[in-house]
file protein.txt (compact mmCIF, C-alpha atoms)
# COMPACT_ATOMS: atom_id res chain seq x y z
CA MET A 1 128.87 58.99 91.60
CA LEU A 2 125.14 59.32 90.97
CA GLY A 3 123.78 58.63 87.47
CA LYS A 4 122.18 61.28 85.28
CA LYS A 5 118.62 60.47 86.34
CA GLN A 6 119.49 60.17 90.03
CA SER A 7 121.36 63.47 89.88
CA MET A 8 118.32 65.18 88.32
CA ALA A 9 116.02 63.61 90.89
CA ALA A 10 118.30 64.75 93.71
CA GLY A 11 118.25 68.30 92.32
CA ALA A 12 114.47 68.29 92.02
CA ALA A 13 114.10 66.89 95.54
CA SER A 14 116.34 69.63 96.91
CA VAL A 15 113.96 72.41 95.83
CA THR A 16 110.72 70.85 97.14
CA PRO A 17 110.76 72.76 100.47
CA ILE A 18 111.12 76.08 98.67
CA LEU A 19 108.06 75.43 96.50
CA LEU A 20 106.03 76.39 99.58
CA GLY A 21 107.16 79.95 98.94
CA VAL A 22 107.29 79.84 95.13
CA VAL A 23 103.64 78.79 94.64
CA PRO A 24 102.09 81.80 96.42
CA PHE A 25 104.58 84.16 94.74
CA GLY A 26 103.63 82.82 91.29
CA MET A 27 99.93 83.09 92.10
CA ILE A 28 100.38 86.67 93.30
CA PHE A 29 102.09 87.57 90.02
CA GLY A 30 99.27 85.98 88.01
CA ALA A 31 96.62 87.73 90.08
CA VAL A 32 98.37 91.13 89.87
CA ALA A 33 98.72 90.74 86.10
CA ALA A 34 95.02 89.86 85.79
CA SER A 35 93.96 92.84 87.90
CA SER A 36 96.11 95.10 85.68
CA GLY A 37 94.10 93.97 82.65
CA ILE A 38 96.58 91.48 81.23
CA PRO A 39 94.84 88.37 79.83
CA ALA A 40 95.87 85.02 81.33
CA TYR A 41 97.79 84.06 78.16
CA GLY A 42 99.80 87.30 78.49
CA ALA A 43 100.78 86.51 82.08
CA ALA A 44 101.67 82.95 81.06
CA ALA A 45 103.72 84.18 78.09
CA MET A 46 105.61 86.61 80.31
CA SER A 47 106.42 83.83 82.79
CA LEU A 48 107.66 81.66 79.93
CA ALA A 49 109.76 84.39 78.33
CA VAL A 50 111.17 86.16 81.39
CA PHE A 51 110.93 83.54 84.17
CA ALA A 52 112.01 85.92 86.95
CA GLY A 53 109.28 86.74 89.46
CA ALA A 54 110.47 89.99 91.03
CA SER A 55 111.19 91.66 87.69
CA GLN A 56 107.88 90.41 86.22
CA LEU A 57 105.95 91.96 89.12
CA ALA A 58 107.87 95.23 88.93
CA ALA A 59 107.41 95.51 85.15
CA VAL A 60 103.66 94.84 85.31
CA GLY A 61 103.28 97.33 88.17
CA LEU A 62 105.05 100.04 86.17
CA LEU A 63 103.11 99.26 82.98
CA ALA A 64 99.86 99.59 84.93
CA GLU A 65 101.00 103.06 86.04
CA HIS A 66 101.74 103.95 82.39
CA ALA A 67 105.47 104.37 83.00
CA PRO A 68 107.57 104.89 79.84
CA LEU A 69 108.70 101.67 78.17
CA SER A 70 112.38 102.52 78.80
CA VAL A 71 111.74 102.77 82.56
CA VAL A 72 109.85 99.47 82.57
CA VAL A 73 112.60 97.62 80.70
CA PHE A 74 115.41 99.24 82.70
CA THR A 75 113.76 98.35 86.02
CA GLY A 76 112.99 94.81 84.92
CA LEU A 77 116.60 94.27 83.91
CA VAL A 78 118.34 95.97 86.84
CA ILE A 79 116.43 93.70 89.20
CA ASN A 80 117.98 90.75 87.35
CA VAL A 81 121.59 91.98 87.40
CA ARG A 82 122.19 89.51 90.25
CA MET A 83 121.95 86.77 87.60
CA LEU A 84 125.39 87.90 86.40
CA MET A 85 126.83 86.90 89.76
CA TYR A 86 125.05 83.56 89.73
CA SER A 87 126.27 82.96 86.18
CA ALA A 88 129.88 83.69 87.18
CA SER A 89 129.62 81.50 90.26
CA LEU A 90 128.12 78.51 88.40
CA ALA A 91 130.18 78.80 85.21
CA PRO A 92 133.19 76.75 86.43
CA HIS A 93 130.82 73.88 87.23
CA PHE A 94 129.40 73.81 83.68
CA SER A 95 132.71 74.05 81.85
CA GLY A 96 133.13 71.62 78.97
CA LEU A 97 129.49 71.79 77.85
CA SER A 98 128.71 73.19 74.40
CA ALA A 99 127.19 76.64 73.97
CA LEU A 100 123.96 74.93 72.88
CA GLU A 101 123.83 72.80 76.03
CA LYS A 102 124.56 75.83 78.21
CA ALA A 103 121.69 77.92 76.77
CA PRO A 104 118.79 76.03 78.42
CA LEU A 105 120.76 75.84 81.68
CA ALA A 106 121.11 79.63 81.59
CA TYR A 107 117.41 80.07 80.80
CA ILE A 108 116.33 78.19 83.96
CA LEU A 109 118.74 80.09 86.27
CA THR A 110 116.94 81.42 89.36
CA ASP A 111 117.85 82.44 92.93
CA GLN A 112 116.58 79.11 94.22
CA ALA A 113 118.21 76.84 91.61
CA TYR A 114 121.48 78.72 92.08
CA ALA A 115 121.38 78.55 95.87
CA MET A 116 120.60 74.83 96.00
CA SER A 117 123.13 73.89 93.34
CA ILE A 118 126.07 75.92 94.59
CA SER A 119 125.69 74.62 98.13
CA ARG A 120 125.60 71.04 96.80
CA PHE A 121 128.56 71.63 94.46
CA THR A 122 130.72 72.99 97.25
CA SER A 123 129.81 70.31 99.80
CA LYS A 124 129.22 67.00 98.00
CA ALA A 125 130.70 67.87 94.63
CA GLU A 126 132.07 64.46 93.69
CA GLU A 127 128.77 62.60 94.18
CA THR A 128 126.61 64.38 91.60
CA ARG A 129 126.63 65.14 87.90
CA LYS A 130 126.48 68.88 88.35
CA PRO A 131 124.59 70.00 85.21
CA TYR A 132 121.96 67.30 85.81
CA TYR A 133 121.53 68.17 89.48
CA TYR A 134 121.12 71.83 88.57
CA ALA A 135 118.73 70.99 85.70
CA GLY A 136 116.54 68.89 88.04
CA ALA A 137 116.29 71.77 90.50
CA GLY A 138 115.74 74.39 87.79
CA LEU A 139 113.16 72.41 85.81
CA LEU A 140 110.94 71.64 88.80
CA LEU A 141 111.00 75.32 89.79
CA TRP A 142 110.21 76.23 86.19
CA VAL A 143 107.18 73.93 85.96
CA VAL A 144 105.81 75.06 89.31
CA TRP A 145 106.33 78.76 88.48
CA GLN A 146 104.46 78.41 85.17
CA ALA A 147 101.58 76.49 86.79
CA ALA A 148 101.32 78.89 89.74
CA THR A 149 101.32 81.94 87.44
CA LEU A 150 98.54 80.52 85.30
CA ALA A 151 96.51 79.48 88.36
CA GLY A 152 96.87 82.98 89.82
CA ALA A 153 95.92 84.62 86.52
CA LEU A 154 92.80 82.46 86.14
CA ALA A 155 91.65 82.16 89.74
CA GLY A 156 93.25 85.12 91.55
CA ALA A 157 95.62 84.73 94.50
CA ALA A 158 93.85 82.03 96.51
CA ILE A 159 96.35 81.82 99.37
CA PRO A 160 95.67 84.30 102.19
CA PRO A 161 98.69 86.57 102.91
CA GLU A 162 98.20 86.01 106.68
CA TRP A 163 99.71 82.55 106.18
CA SER A 164 103.05 84.30 105.51
CA LEU A 165 104.15 81.54 103.12
CA ASP A 166 106.49 84.10 101.49
CA PHE A 167 108.66 83.67 104.60
CA ALA A 168 109.62 80.16 103.38
CA ILE A 169 111.89 81.73 100.73
CA PRO A 170 114.26 83.65 103.05
CA LEU A 171 114.20 80.66 105.43
CA THR A 172 115.47 78.43 102.63
CA PHE A 173 118.29 80.83 101.83
CA LEU A 174 119.06 81.00 105.55
CA ALA A 175 119.37 77.21 105.69
CA LEU A 176 121.83 77.41 102.77
CA VAL A 177 123.91 80.35 103.94
CA VAL A 178 124.83 78.83 107.31
CA PRO A 179 126.90 75.99 105.81
CA ALA A 180 128.26 78.36 103.12
CA VAL A 181 130.04 80.32 105.86
CA ARG A 182 132.75 77.73 106.31
CA ASP A 183 135.84 79.86 106.93
CA ARG A 184 136.80 83.22 108.39
CA ALA A 185 136.93 85.08 105.06
CA ASN A 186 133.45 83.83 104.13
CA ALA A 187 132.12 84.88 107.54
CA ILE A 188 133.49 88.37 106.95
CA ALA A 189 131.88 88.38 103.50
CA ALA A 190 128.49 87.34 104.93
CA VAL A 191 128.52 89.85 107.81
CA SER A 192 129.56 92.72 105.52
CA ALA A 193 126.90 91.82 102.96
CA GLY A 194 124.23 91.61 105.68
CA ILE A 195 125.08 95.00 107.19
CA VAL A 196 125.23 96.75 103.82
CA ALA A 197 121.96 95.07 102.76
CA LEU A 198 120.22 96.69 105.74
CA LEU A 199 121.81 100.11 105.17
CA ALA A 200 121.12 100.03 101.41
CA PHE A 201 117.60 98.62 101.68
CA GLY A 202 115.98 101.87 100.55
CA LEU A 203 117.79 101.96 97.20
CA PRO A 204 115.50 101.59 94.19
CA TYR A 205 115.51 98.75 91.62
CA ASN A 206 116.72 96.11 94.09
CA LEU A 207 120.13 97.79 93.88
CA GLY A 208 120.66 97.27 97.62
CA LEU A 209 121.14 93.57 96.91
CA ILE A 210 123.82 94.20 94.28
CA VAL A 211 125.68 96.77 96.39
CA ALA A 212 125.54 94.50 99.47
CA ALA A 213 126.72 91.42 97.57
CA ALA A 214 129.56 93.39 95.95
CA CYS A 215 130.68 94.70 99.36
CA GLY A 216 130.54 91.17 100.81
CA ILE A 217 132.61 89.72 97.96
CA GLY A 218 135.13 92.57 98.25
CA ALA A 219 135.40 92.21 102.04
CA GLY A 220 135.88 88.43 101.85
CA TYR A 221 138.54 88.82 99.17
CA ALA A 222 140.34 91.55 101.13
CA ALA A 223 140.32 89.43 104.30
CA GLU A 224 141.76 86.48 102.40
CA GLN A 225 144.49 88.60 100.79
CA ARG A 226 145.43 89.99 104.21
CA SER A 227 145.73 86.55 105.81
CA ARG A 228 147.77 85.36 102.81
CA ARG A 229 150.21 88.24 103.27
CA TYR A 230 150.72 87.54 106.98
CA ALA A 231 150.72 83.77 106.71
CA MET B 1 94.54 99.19 82.49
CA LEU B 2 97.68 98.98 80.48
CA GLU B 3 98.45 99.07 76.82
CA MET B 4 99.07 95.61 75.37
CA ARG B 5 101.53 96.77 72.72
CA SER B 6 103.92 98.16 75.35
CA PHE B 7 103.34 95.04 77.43
CA TRP B 8 104.54 92.73 74.63
CA LEU B 9 107.49 94.97 73.83
CA ALA B 10 108.52 95.09 77.50
CA VAL B 11 108.18 91.30 77.79
CA ALA B 12 110.37 90.74 74.72
CA LEU B 13 113.09 93.18 75.78
CA ILE B 14 113.22 92.07 79.43
CA ALA B 15 113.27 88.42 78.33
CA LEU B 16 116.20 88.98 75.96
CA GLY B 17 118.17 91.05 78.47
CA THR B 18 117.55 88.63 81.33
CA PHE B 19 118.65 85.69 79.22
CA ALA B 20 121.85 87.56 78.29
CA LEU B 21 122.58 88.21 82.00
CA ARG B 22 122.05 84.52 82.81
CA TYR B 23 124.02 83.18 79.85
CA SER B 24 126.96 85.64 80.16
CA PHE B 25 129.60 83.92 82.30
CA ILE B 26 128.21 80.41 81.83
CA LEU B 27 128.86 80.85 78.10
CA VAL B 28 132.19 82.69 78.09
CA MET B 29 134.13 81.27 81.02
CA ASP B 30 135.47 78.39 78.92
CA MET B 31 136.65 80.84 76.25
CA ILE B 32 138.33 83.58 78.25
CA ARG B 33 140.70 83.51 81.19
CA LEU B 34 139.45 85.57 84.12
CA PRO B 35 141.99 87.61 86.11
CA VAL B 36 143.25 85.75 89.20
CA ALA B 37 141.63 88.31 91.52
CA VAL B 38 138.21 87.69 89.95
CA GLN B 39 138.69 83.91 90.17
CA ARG B 40 139.43 84.24 93.88
CA MET B 41 136.34 86.40 94.39
CA LEU B 42 134.03 83.71 92.98
CA ARG B 43 134.07 81.67 96.16
CA PHE B 44 132.62 84.56 98.16
CA ILE B 45 129.56 84.93 95.93
CA PRO B 46 127.29 82.35 97.68
CA ALA B 47 127.74 83.64 101.25
CA SER B 48 127.51 87.30 100.13
CA VAL B 49 124.47 87.07 97.84
CA LEU B 50 122.50 84.71 100.06
CA THR B 51 123.07 86.89 103.15
CA ALA B 52 122.11 89.99 101.18
CA LEU B 53 118.87 88.22 100.14
CA VAL B 54 118.03 86.91 103.61
CA VAL B 55 118.73 89.85 105.94
CA PRO B 56 116.33 92.47 104.52
CA ALA B 57 113.65 89.82 103.85
CA VAL B 58 113.76 88.85 107.52
CA VAL B 59 114.09 92.31 109.07
CA PHE B 60 111.54 94.14 106.94
CA HIS B 61 108.06 93.10 105.97
CA LYS B 62 106.55 94.59 102.83
CA LEU B 63 102.94 95.63 103.37
CA PRO B 64 100.55 97.26 100.91
CA GLY B 65 100.97 100.53 102.85
CA GLY B 66 104.79 100.44 102.93
CA VAL B 67 107.61 98.70 104.74
CA GLU B 68 107.90 98.03 108.46
CA ALA B 69 110.52 96.39 110.67
CA ASP B 70 109.06 93.07 111.78
CA TRP B 71 110.35 91.65 115.09
CA ARG B 72 108.24 88.49 114.62
CA ARG B 73 110.12 87.54 111.48
CA MET B 74 113.45 88.43 113.09
CA ALA B 75 112.71 86.25 116.13
CA ALA B 76 111.51 83.34 113.97
CA ALA B 77 114.57 83.64 111.71
CA CYS B 78 116.97 83.69 114.69
CA LEU B 79 115.45 80.46 115.96
CA ALA B 80 115.65 78.95 112.45
CA ALA B 81 119.32 80.04 112.18
CA VAL B 82 120.15 78.17 115.38
CA ILE B 83 118.43 75.05 114.00
CA ALA B 84 120.28 75.43 110.68
CA TRP B 85 123.59 75.76 112.49
CA LYS B 86 123.00 72.81 114.83
CA THR B 87 121.34 70.37 112.41
CA ARG B 88 122.24 71.47 108.84
CA ASN B 89 118.75 70.22 107.99
CA MET B 90 116.87 72.42 105.52
CA PRO B 91 113.28 71.09 105.87
CA LEU B 92 113.63 71.25 109.65
CA THR B 93 114.98 74.81 109.43
CA ILE B 94 112.05 75.94 107.27
CA ALA B 95 109.50 74.13 109.44
CA THR B 96 110.94 75.68 112.60
CA GLY B 97 110.92 79.18 111.15
CA MET B 98 107.36 78.91 109.82
CA ALA B 99 106.07 77.32 113.04
CA ALA B 100 107.75 80.06 115.10
CA LEU B 101 106.21 82.82 112.97
CA TRP B 102 102.74 81.26 113.16
CA GLY B 103 103.18 80.55 116.89
CA ILE B 104 104.08 84.18 117.64
CA GLY B 105 101.07 85.40 115.64
CA PHE B 106 98.82 82.95 117.44
CA LEU B 107 100.07 83.99 120.88
CA GLU B 108 99.64 87.67 120.00
CA ARG B 109 96.04 87.11 119.01
CA TRP B 110 95.01 85.08 122.03
CA LEU B 111 97.00 86.57 124.90
call {"tool": "encode", "arguments": {"input": "protein.txt", "output": "structure tokens"}}
result
Amino acid sequence: MLGKKQSMAAGAASVTPILLGVVPFGMIFGAVAASSGIPAYGAAAMSLAVFAGASQLAAVGLLAEHAPLSVVVFTGLVINVRMLMYSASLAPHFSGLSALEKAPLAYILTDQAYAMSISRFTSKAEETRKPYYYAGAGLLLWVVWQAATLAGALAGAAIPPEWSLDFAIPLTFLALVVPAVRDRANAIAAVSAGIVALLAFGLPYNLGLIVAAACGIGAGYAAEQRSRRYA
Amino acid sequence: MLEMRSFWLAVALIALGTFALRYSFILVMDMIRLPVAVQRMLRFIPASVLTALVVPAVVFHKLPGGVEADWRRMAAACLAAVIAWKTRNMPLTIATGMAALWGIGFLERWL
């Protein structure tokens, strides 16, 4: 069993490859906010308070178009509904902590921290102190996101889009999803989610992701129930 | 240019709502007992959500003018998937995918 510090360090180390994609994304948000007339401290405050890149970008884009406040808030929140699924998936691994200890862990929940932690928890669970591993991953992402946002707001997006560094983010999830498909029911879940994600891509508010994930979860569960019945 | 008062209001409301979404199950799962069906569904969340994140990000490329299907990203991701499957090595998977995408772009420009 790793100690607390080693577990945190292992979590932080696990997210280093994905920073390649997070830095340009954070800088783009800062630069977009600046070009919409938001002062650098406003962009930094939004990153501190919300800490969710896609919804921050969408909200700033809508505000710049003078969309009604209700539309801005609704859009920003619907994009983050996936956090409910991450929360449900991680919750069993944080059981026993106090509500006060759980609050900062919830605040630093992101796609990347979730993906890294859940794949570690389901493969090498006994070796790590789970909340510390997750906190190491989440905190490093948090620091880098705040720094990248501020840099983008002050200096503009300095990384040329032709470098395609944004592609590092789906590649990281790809590297995580392959080992996550470890049985037939999970394979069915992944294939269903992938197909629905393509079909539902045009849906607004990132809803395609939610619909696709729900279909995948349902398909995996149904496949498992079926094999249970005939076993 | 946008109005700063609506900006601060939007930031506050989105921040509160997003925190509630993140805290939800992490907070309550110790206190309530989820139905057995829901408990069984939890183990399908990683494969489902991650695939739903990856597939559109690889197939489509968002450009300022709109969205287009991008065979370069699909080809690079297929190669990366093979590496992920064979090696289970994340840095190598990312490096392969990025190198493939850059390599295809390079070849296109010079051939």
call {"tool": "residues_around", "arguments": {"input": "protein.txt", "residues": "segment 45-60 of chain A", "least_positions_apart": "3", "cutoff": "6 Å", "atoms": "only C-alpha atoms", "output": "PyMOL selection string"}}
result
(chain A and resi 29+41-42+63+72+76+79) or (chain B and resi 11+15)
call {"tool": "atom_distance", "arguments": {"input": "protein.txt", "atom1": "atom CA of His66 of chain A", "atom2": "atom CA of Leu2 of chain B"}}
result
6.7 Å
call {"tool": "residues_near_point", "arguments": {"input": "protein.txt", "point": "(133.9, 80.9, 106.8)", "cutoff": "12 Å", "atoms": "all atoms listed in the file", "output": "PDB file with C-alpha atoms, in the frame of the given file"}}
result
ATOM      1  CA  VAL A 177     123.910  80.350 103.940  1.00  0.00           C
ATOM      2  CA  VAL A 178     124.830  78.830 107.310  1.00  0.00           C
ATOM      3  CA  PRO A 179     126.900  75.990 105.810  1.00  0.00           C
ATOM      4  CA  ALA A 180     128.260  78.360 103.120  1.00  0.00           C
ATOM      5  CA  VAL A 181     130.040  80.320 105.860  1.00  0.00           C
ATOM      6  CA  ARG A 182     132.750  77.730 106.310  1.00  0.00           C
ATOM      7  CA  ASP A 183     135.840  79.860 106.930  1.00  0.00           C
ATOM      8  CA  ARG A 184     136.800  83.220 108.390  1.00  0.00           C
ATOM      9  CA  ALA A 185     136.930  85.080 105.060  1.00  0.00           C
ATOM     10  CA  ASN A 186     133.450  83.830 104.130  1.00  0.00           C
ATOM     11  CA  ALA A 187     132.120  84.880 107.540  1.00  0.00           C
ATOM     12  CA  ILE A 188     133.490  88.370 106.950  1.00  0.00           C
ATOM     13  CA  ALA A 189     131.880  88.380 103.500  1.00  0.00           C
ATOM     14  CA  ALA A 190     128.490  87.340 104.930  1.00  0.00           C
ATOM     15  CA  VAL A 191     128.520  89.850 107.810  1.00  0.00           C
ATOM     16  CA  GLY A 220     135.880  88.430 101.850  1.00  0.00           C
ATOM     17  CA  TYR A 221     138.540  88.820  99.170  1.00  0.00           C
ATOM     18  CA  ALA A 223     140.320  89.430 104.300  1.00  0.00           C
ATOM     19  CA  GLU A 224     141.760  86.480 102.400  1.00  0.00           C
TER      20      GLU A 224
ATOM     21  CA  ARG B  43     134.070  81.670  96.160  1.00  0.00           C
ATOM     22  CA  PHE B  44     132.620  84.560  98.160  1.00  0.00           C
ATOM     23  CA  PRO B  46     127.290  82.350  97.680  1.00  0.00           C
ATOM     24  CA  ALA B  47     127.740  83.640 101.250  1.00  0.00           C
ATOM     25  CA  SER B  48     127.510  87.300 100.130  1.00  0.00           C
TER      26      SER B  48
END
call {"tool": "interface_residues", "arguments": {"input": "protein.txt", "of": "chain B", "to": "chain A", "cutoff": "8 Å", "atoms": "only C-alpha atoms", "output": "PyMOL selection string"}}
result
chain B and resi 1-4+6-7+10-19+21-27+29-30+40-58+77+80-81+84-85+88-91+93-94+97-98+102
call {"tool": "write_last_selection", "arguments": {"input": "protein.txt", "atoms": "C-alpha atoms", "output": "CSV table (one decimal), in the frame of the given file"}}
result
chain,number,residue,atom,x,y,z
B,1,MET,CA,94.5,99.2,82.5
B,2,LEU,CA,97.7,99.0,80.5
B,3,GLU,CA,98.4,99.1,76.8
B,4,MET,CA,99.1,95.6,75.4
B,6,SER,CA,103.9,98.2,75.4
B,7,PHE,CA,103.3,95.0,77.4
B,10,ALA,CA,108.5,95.1,77.5
B,11,VAL,CA,108.2,91.3,77.8
B,12,ALA,CA,110.4,90.7,74.7
B,13,LEU,CA,113.1,93.2,75.8
B,14,ILE,CA,113.2,92.1,79.4
B,15,ALA,CA,113.3,88.4,78.3
B,16,LEU,CA,116.2,89.0,76.0
B,17,GLY,CA,118.2,91.0,78.5
B,18,THR,CA,117.6,88.6,81.3
B,19,PHE,CA,118.6,85.7,79.2
B,21,LEU,CA,122.6,88.2,82.0
B,22,ARG,CA,122.0,84.5,82.8
B,23,TYR,CA,124.0,83.2,79.8
B,24,SER,CA,127.0,85.6,80.2
B,25,PHE,CA,129.6,83.9,82.3
B,26,ILE,CA,128.2,80.4,81.8
B,27,LEU,CA,128.9,80.8,78.1
B,29,MET,CA,134.1,81.3,81.0
B,30,ASP,CA,135.5,78.4,78.9
B,40,ARG,CA,139.4,84.2,93.9
B,41,MET,CA,136.3,86.4,94.4
B,42,LEU,CA,134.0,83.7,93.0
B,43,ARG,CA,134.1,81.7,96.2
B,44,PHE,CA,132.6,84.6,98.2
B,45,ILE,CA,129.6,84.9,95.9
B,46,PRO,CA,127.3,82.4,97.7
B,47,ALA,CA,127.7,83.6,101.2
B,48,SER,CA,127.5,87.3,100.1
B,49,VAL,CA,124.5,87.1,97.8
B,50,LEU,CA,122.5,84.7,100.1
B,51,THR,CA,123.1,86.9,103.2
B,52,ALA,CA,122.1,90.0,101.2
B,53,LEU,CA,118.9,88.2,100.1
B,54,VAL,CA,118.0,86.9,103.6
B,55,VAL,CA,118.7,89.8,105.9
B,56,PRO,CA,116.3,92.5,104.5
B,57,ALA,CA,113.6,89.8,103.8
B,58,VAL,CA,113.8,88.8,107.5
B,77,ALA,CA,114.6,83.6,111.7
B,80,ALA,CA,115.6,79.0,112.4
B,81,ALA,CA,119.3,80.0,112.2
B,84,ALA,CA,120.3,75.4,110.7
B,85,TRP,CA,123.6,75.8,112.5
B,88,ARG,CA,122.2,71.5,108.8
B,89,ASN,CA,118.8,70.2,108.0
B,90,MET,CA,116.9,72.4,105.5
B,91,PRO,CA,113.3,71.1,105.9
B,93,THR,CA,115.0,74.8,109.4
B,94,ILE,CA,112.0,75.9,107.3
B,97,GLY,CA,110.9,79.2,111.2
B,98,MET,CA,107.4,78.9,109.8
B,102,TRP,CA,102.7,81.3,113.2
call {"tool": "closest_residue", "arguments": {"input": "protein.txt", "among": "A:Pro131, A:Pro204, A:Gly152, A:Pro161", "to": "Ser117 of chain A", "atoms": "all atoms listed in the file"}}
result
A:Pro131
call {"tool": "axis_aligned_box", "arguments": {"input": "protein.txt", "around": "segment 1-18 of chain B", "padding_each_side": "4 Å", "output": "lines of an AutoDock Vina configuration file"}}
result
center_x = 106.4
center_y = 93.8
center_z = 77.6
size_x = 31.6
size_y = 18.8
size_z = 17.8
call {"tool": "residues_around", "arguments": {"input": "protein.txt", "residues": "His61 of chain B", "least_positions_apart": "3", "cutoff": "6 Å", "atoms": "all atoms listed in the file", "output": "ChimeraX atom specification"}}
result
/B:67-68,70
call {"tool": "atom_distance", "arguments": {"input": "protein.txt", "atom1": "atom CA of Gly136 of chain A", "atom2": "atom CA of Lys124 of chain A"}}
result
16.2 Å
call {"tool": "atom_distance", "arguments": {"input": "protein.txt", "atom1": "atom CA of Arg73 of chain B", "atom2": "atom CA of Phe60 of chain B"}}
result
8.1 Å
call {"tool": "closest_residue", "arguments": {"input": "protein.txt", "among": "B:Thr87, B:Gln39, B:Phe106, B:Ala95", "to": "Arg72 of chain B", "atoms": "all atoms listed in the file"}}
result
B:Phe106
call {"tool": "build_atoms", "arguments": {"input": "protein.txt", "residues": "segment 207-221 of chain A", "atoms": "N, CA, C and O atoms", "output": "CSV table (one decimal), in the coordinates of the input"}}
result
chain,number,residue,atom,x,y,z
A,207,LEU,N,118.7,97.6,93.9
A,207,LEU,CA,120.1,97.8,93.9
A,207,LEU,C,120.8,97.5,95.2
A,207,LEU,O,122.0,97.2,95.2
A,208,GLY,N,120.1,97.6,96.3
A,208,GLY,CA,120.7,97.3,97.6
A,208,GLY,C,121.3,95.9,97.6
A,208,GLY,O,122.4,95.7,98.2
A,209,LEU,N,120.6,94.9,97.0
A,209,LEU,CA,121.1,93.6,96.9
A,209,LEU,C,122.5,93.5,96.2
A,209,LEU,O,123.4,92.9,96.7
A,210,ILE,N,122.6,94.2,95.1
A,210,ILE,CA,123.8,94.2,94.3
A,210,ILE,C,125.0,94.9,95.1
A,210,ILE,O,126.1,94.3,95.1
A,211,VAL,N,124.7,96.0,95.6
A,211,VAL,CA,125.7,96.8,96.4
A,211,VAL,C,126.2,95.9,97.6
A,211,VAL,O,127.4,95.8,97.8
A,212,ALA,N,125.2,95.3,98.3
A,212,ALA,CA,125.5,94.5,99.5
A,212,ALA,C,126.4,93.3,99.1
A,212,ALA,O,127.4,93.0,99.7
A,213,ALA,N,126.0,92.6,98.0
A,213,ALA,CA,126.7,91.4,97.6
A,213,ALA,C,128.1,91.8,97.1
A,213,ALA,O,129.1,91.1,97.5
A,214,ALA,N,128.2,92.9,96.4
A,214,ALA,CA,129.6,93.4,96.0
A,214,ALA,C,130.5,93.7,97.1
A,214,ALA,O,131.6,93.3,97.2
A,215,CYS,N,129.9,94.4,98.2
A,215,CYS,CA,130.7,94.7,99.4
A,215,CYS,C,131.1,93.4,100.1
A,215,CYS,O,132.3,93.3,100.6
A,216,GLY,N,130.2,92.4,100.2
A,216,GLY,CA,130.5,91.2,100.8
A,216,GLY,C,131.7,90.5,100.1
A,216,GLY,O,132.6,90.0,100.7
A,217,ILE,N,131.6,90.4,98.8
A,217,ILE,CA,132.6,89.7,98.0
A,217,ILE,C,134.0,90.4,98.1
A,217,ILE,O,135.0,89.8,98.4
A,218,GLY,N,133.9,91.8,98.1
A,218,GLY,CA,135.1,92.6,98.2
A,218,GLY,C,135.7,92.4,99.6
A,218,GLY,O,137.0,92.2,99.8
A,219,ALA,N,134.9,92.4,100.7
A,219,ALA,CA,135.4,92.2,102.0
A,219,ALA,C,136.0,90.8,102.2
A,219,ALA,O,137.1,90.7,102.9
A,220,GLY,N,135.4,89.8,101.7
A,220,GLY,CA,135.9,88.4,101.8
A,220,GLY,C,137.2,88.3,101.1
A,220,GLY,O,138.2,87.7,101.7
A,221,TYR,N,137.3,88.9,99.9
A,221,TYR,CA,138.5,88.8,99.2
A,221,TYR,C,139.7,89.6,99.9
A,221,TYR,O,140.8,89.1,100.0
